[in-house]
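Here the structure is laid out as structure tokens; the discussion comes afterwards.
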Amino acid sequence: MTIYNMYIFDRNGTCLFYQEWQRNKNSGMPQEEEFKLMYGLIFSIKSFISRMSPVDFYSNSKDGFTSFNTNYYKLHFFETPSGLKFVLNTSLNVDSLRDSLQYIYNSIYVEYVVKNPLCSLNSAIKSEIFKEKIDTYIRGLPAF
Amino acid sequence: MPIFSVYIINRAGGLIYQMDHHQPKTEVEKTFSFPLELQLKIVDERVVVAFGQRDGIKVGHTILAINGDAVHGRKLEDGRDILEVIANSENYPIAIKFGRPKLSTNERIMLASMFHSLYAIGSQLSPEQKSSGIQLLETDGFKLHCFQTLSGIKLIVLADPKQSGIENLLKKIYELYSDYALKNPFYSIDMPIRCELFDKNLQGLLDSYERSGFYSQGM
């Protein structure tokens, strides 16, 4: 099992955080462009799902999208009610990581970014301790 | 375990076949007295509930009928604007039917080409070499399974999250496609599939799949 990389986007589509652990292929474009493409992909998938869905979603989840698989990787997605989006790419044999992404939000993002007066909420996160905590947590996951 | 619908997309992203197999009922009809407690707004020329979820009427539902008269876009059949009808206290009590809007053919064509590009982007953003595009899209309410054949045609099945064995079903649909569409002398490749035998056999396949939960080879 492998965890490849992780993106955090705010509600306006700015990439707040990016970290990679193991990446075997680059998208062949500048990083800024890649962030935009990834946000666009997520945004379009959400709009696609809400139109395509034959059923109503339960009211407790913001919308229905949880993950997608290709033949080589799996993309996990979690969105908070405030529109913060967490995207994590792993290998295929990993089960749903929704709880882990929720934990990252609850116990790492809120603790080390929201409660840090020096971190601004809508630009890239520069906090070293946040980066370190994410790294430790991801490396500690059974999926890593 | 319902299978909701089947889509077939050609190499260029055009929708060439679509079938709805099982449509869950989401319609709710309710009689209201003046004033209406629901907040409505207009999205894509449709009147949509924006706020005030109650009695099975959910945010995102559109108005399908008023007092039994079907609604077209934001107007009634006789040309009256829905919002004006609802705002006028003389029309009350009023029976309004809400539900998820049925997709029009144009919307389906648009969604199909949208998926075509999402598939390509999914492959481009891969952290791993030689990845394909999206093969399985999971949501809380349904799963979308996609199988791209060697010739680039995408077969898509929307099914209940608990339905298993869709990979086999997709291969079976491909088999039906080759047998009843490609071998039909009147069918030209990449064009919409209008073959009675294909319709009939696909319907039968989906029915048997739903009944058994999985499809056995010997059928």
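In the structure tokens, chains take letters A, B, ... by order of appearance, with residues numbered from 1 within each chain and ligands from 1 in the order shown.
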As an MDAnalysis selection string, please: the residues near Asn12 (chain A) (cut-off 12 Å, only C-alpha atoms, same-chain neighbours under 2 positions excluded). chainID A and resid 8:10 14:16 36 39:40 43 82:85 121:123
With N, CA and C atoms retained, export the selected residues as a compact mmCIF listing (two decimals), in the first residue's frame.
# COMPACT_ATOMS: atom_id res chain seq x y z
N ILE A 8 -4.58 20.21 -0.29
CA ILE A 8 -5.66 20.84 0.48
C ILE A 8 -6.03 22.13 -0.27
N PHE A 9 -7.31 22.28 -0.57
CA PHE A 9 -7.79 23.48 -1.26
C PHE A 9 -8.74 24.24 -0.37
N ASP A 10 -8.76 25.56 -0.47
CA ASP A 10 -9.79 26.31 0.25
C ASP A 10 -11.01 26.45 -0.65
N THR A 14 -7.87 27.98 -4.06
CA THR A 14 -6.44 28.18 -3.82
C THR A 14 -5.87 26.92 -3.19
N CYS A 15 -4.72 26.49 -3.64
CA CYS A 15 -4.11 25.32 -3.02
C CYS A 15 -3.37 25.77 -1.77
N LEU A 16 -3.84 25.33 -0.59
CA LEU A 16 -3.24 25.76 0.67
C LEU A 16 -2.03 24.92 1.02
N LYS A 36 -4.45 23.92 -10.28
CA LYS A 36 -5.69 24.41 -10.91
C LYS A 36 -6.42 23.27 -11.59
N TYR A 39 -8.05 21.07 -8.92
CA TYR A 39 -9.25 21.70 -8.37
C TYR A 39 -10.39 21.65 -9.39
N GLY A 40 -10.03 21.89 -10.65
CA GLY A 40 -11.04 21.83 -11.70
C GLY A 40 -11.64 20.45 -11.83
N PHE A 43 -13.98 19.94 -8.83
CA PHE A 43 -15.16 20.81 -8.99
C PHE A 43 -16.12 20.22 -10.03
N SER A 82 -17.43 24.03 5.46
CA SER A 82 -16.99 25.38 5.09
C SER A 82 -16.34 25.39 3.70
N GLY A 83 -16.29 24.25 3.02
CA GLY A 83 -15.79 24.23 1.66
C GLY A 83 -14.31 23.91 1.52
N LEU A 84 -13.66 23.59 2.63
CA LEU A 84 -12.25 23.18 2.58
C LEU A 84 -12.19 21.77 1.99
N LYS A 85 -11.30 21.54 1.02
CA LYS A 85 -11.28 20.24 0.33
C LYS A 85 -9.96 19.53 0.56
N LEU A 121 -5.75 32.29 6.69
CA LEU A 121 -6.59 31.13 6.34
C LEU A 121 -6.77 30.95 4.85
N ASN A 122 -6.51 32.01 4.05
CA ASN A 122 -6.75 31.76 2.63
C ASN A 122 -5.52 31.96 1.73
N SER A 123 -4.37 31.63 2.28
CA SER A 123 -3.20 31.54 1.41
C SER A 123 -2.40 30.31 1.84
Which residues of chain A sit at most 10 Å from chain B, using only C-alpha atoms? Give each one's shortest atom pair and distance in Å (one decimal place), in chain and ascending residue order, as a Markdown table.
| residue | atom | partner | partner_atom | distance |
| --- | --- | --- | --- | --- |
| A:Ile3 | CA | B:Pro127 | CA | 9.8 |
| A:Tyr4 | CA | B:Pro127 | CA | 6.5 |
| A:Asn5 | CA | B:Pro127 | CA | 7.7 |
| A:Glu20 | CA | B:Pro127 | CA | 9.4 |
| A:Gln22 | CA | B:Pro127 | CA | 8.1 |
| A:Arg23 | CA | B:Pro127 | CA | 5.2 |
| A:Asn24 | CA | B:Glu128 | CA | 5.1 |
| A:Lys25 | CA | B:Pro127 | CA | 5.1 |
| A:Asn26 | CA | B:Pro127 | CA | 6.5 |
| A:Ser27 | CA | B:Leu125 | CA | 5.5 |
| A:Gly28 | CA | B:Gln124 | CA | 8.6 |
| A:Glu34 | CA | B:Leu125 | CA | 7.6 |
| A:Phe35 | CA | B:Leu125 | CA | 9.7 |
| A:Leu37 | CA | B:Ile121 | CA | 7.9 |
| A:Met38 | CA | B:Leu125 | CA | 7.2 |
| A:Gly40 | CA | B:Ile121 | CA | 9.4 |
| A:Leu41 | CA | B:Leu118 | CA | 6.5 |
| A:Ile42 | CA | B:Leu118 | CA | 9.2 |
| A:Ser44 | CA | B:Leu118 | CA | 7.7 |
| A:Ile45 | CA | B:Leu118 | CA | 7.3 |
| A:Lys46 | CA | B:Thr139 | CA | 9.7 |
| A:Ser47 | CA | B:Leu111 | CA | 9.7 |
| A:Phe48 | CA | B:Leu111 | CA | 6.7 |
| A:Ile49 | CA | B:Thr139 | CA | 8.0 |
| A:Ser50 | CA | B:Gly60 | CA | 9.3 |
| A:Arg51 | CA | B:Leu103 | CA | 8.1 |
| A:Met52 | CA | B:Leu111 | CA | 7.5 |
| A:Ser53 | CA | B:Phe142 | CA | 7.2 |
| A:Pro54 | CA | B:Gln23 | CA | 6.7 |
| A:Val55 | CA | B:Gly141 | CA | 6.1 |
| A:Asp56 | CA | B:Gly141 | CA | 7.1 |
| A:Phe57 | CA | B:Gly141 | CA | 6.0 |
| A:Tyr58 | CA | B:Asp140 | CA | 7.9 |
| A:Ser59 | CA | B:Lys58 | CA | 8.8 |
| A:Ser61 | CA | B:Asp140 | CA | 8.4 |
| A:Asp63 | CA | B:Asp140 | CA | 8.1 |
| A:Gly64 | CA | B:Thr139 | CA | 4.6 |
| A:Phe65 | CA | B:Thr139 | CA | 4.3 |
| A:Thr66 | CA | B:Thr139 | CA | 5.3 |
| A:Ser67 | CA | B:Glu138 | CA | 5.3 |
| A:Phe68 | CA | B:Leu137 | CA | 4.3 |
| A:Asn69 | CA | B:Leu136 | CA | 5.1 |
| A:Thr70 | CA | B:Ile134 | CA | 4.7 |
| A:Asn71 | CA | B:Ser132 | CA | 5.7 |
| A:Tyr72 | CA | B:Ser131 | CA | 5.3 |
| A:Tyr73 | CA | B:Glu128 | CA | 7.1 |
| A:Lys74 | CA | B:Ile134 | CA | 9.2 |
| A:Leu75 | CA | B:Ser126 | CA | 9.3 |
| A:His76 | CA | B:Glu138 | CA | 9.7 |
| A:Asn89 | CA | B:Pro127 | CA | 7.7 |
| A:Thr90 | CA | B:Pro127 | CA | 8.8 |
| A:Ser91 | CA | B:Glu128 | CA | 9.0 |
For Asp199 (chain B), which of B:Gly13, B:Gln163, B:Glu45, B:Met19 is the closest residue, counting only C-alpha atoms?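 Residue with the minimum atom-to-atom distance to Asp199 (chain B): B:Met19.
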Could you list, as number ranges by chain, every residue within 9 Å of Asp190 (chain B), counting only C-alpha atoms and ignoring same-chain residues fewer than 5 positions away? B: 9-12, 14, 16, 153
Export, as a PDB file, in the first residue's frame, the selected residues with C-alpha atoms.
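Saved file result_17.pdb follows:
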ATOM      1  CA  ILE B   9     -19.856   7.023 -25.242  1.00  0.00           C
ATOM      2  CA  ASN B  10     -17.947   6.910 -28.529  1.00  0.00           C
ATOM      3  CA  ARG B  11     -14.253   7.699 -29.099  1.00  0.00           C
ATOM      4  CA  ALA B  12     -14.915  11.405 -29.522  1.00  0.00           C
ATOM      5  CA  GLY B  14     -20.387  11.707 -28.034  1.00  0.00           C
ATOM      6  CA  ILE B  16     -24.345   7.030 -28.640  1.00  0.00           C
ATOM      7  CA  ILE B 153     -15.589   3.266 -26.546  1.00  0.00           C
TER       8      ILE B 153
END
Within 9 Å of region 96-104 of chain A, counting only C-alpha atoms, which residues show up once you throw out same-chain ones fewer than 5 positions away? Write them as a list in words, please. Thr66, Ser67, His76, Phe77, Phe78, Glu79, Thr80, Phe86, Val87, Leu88, Tyr109, Val110, Ile134, Tyr137, Ile138, Leu141 and Ala143 of chain A
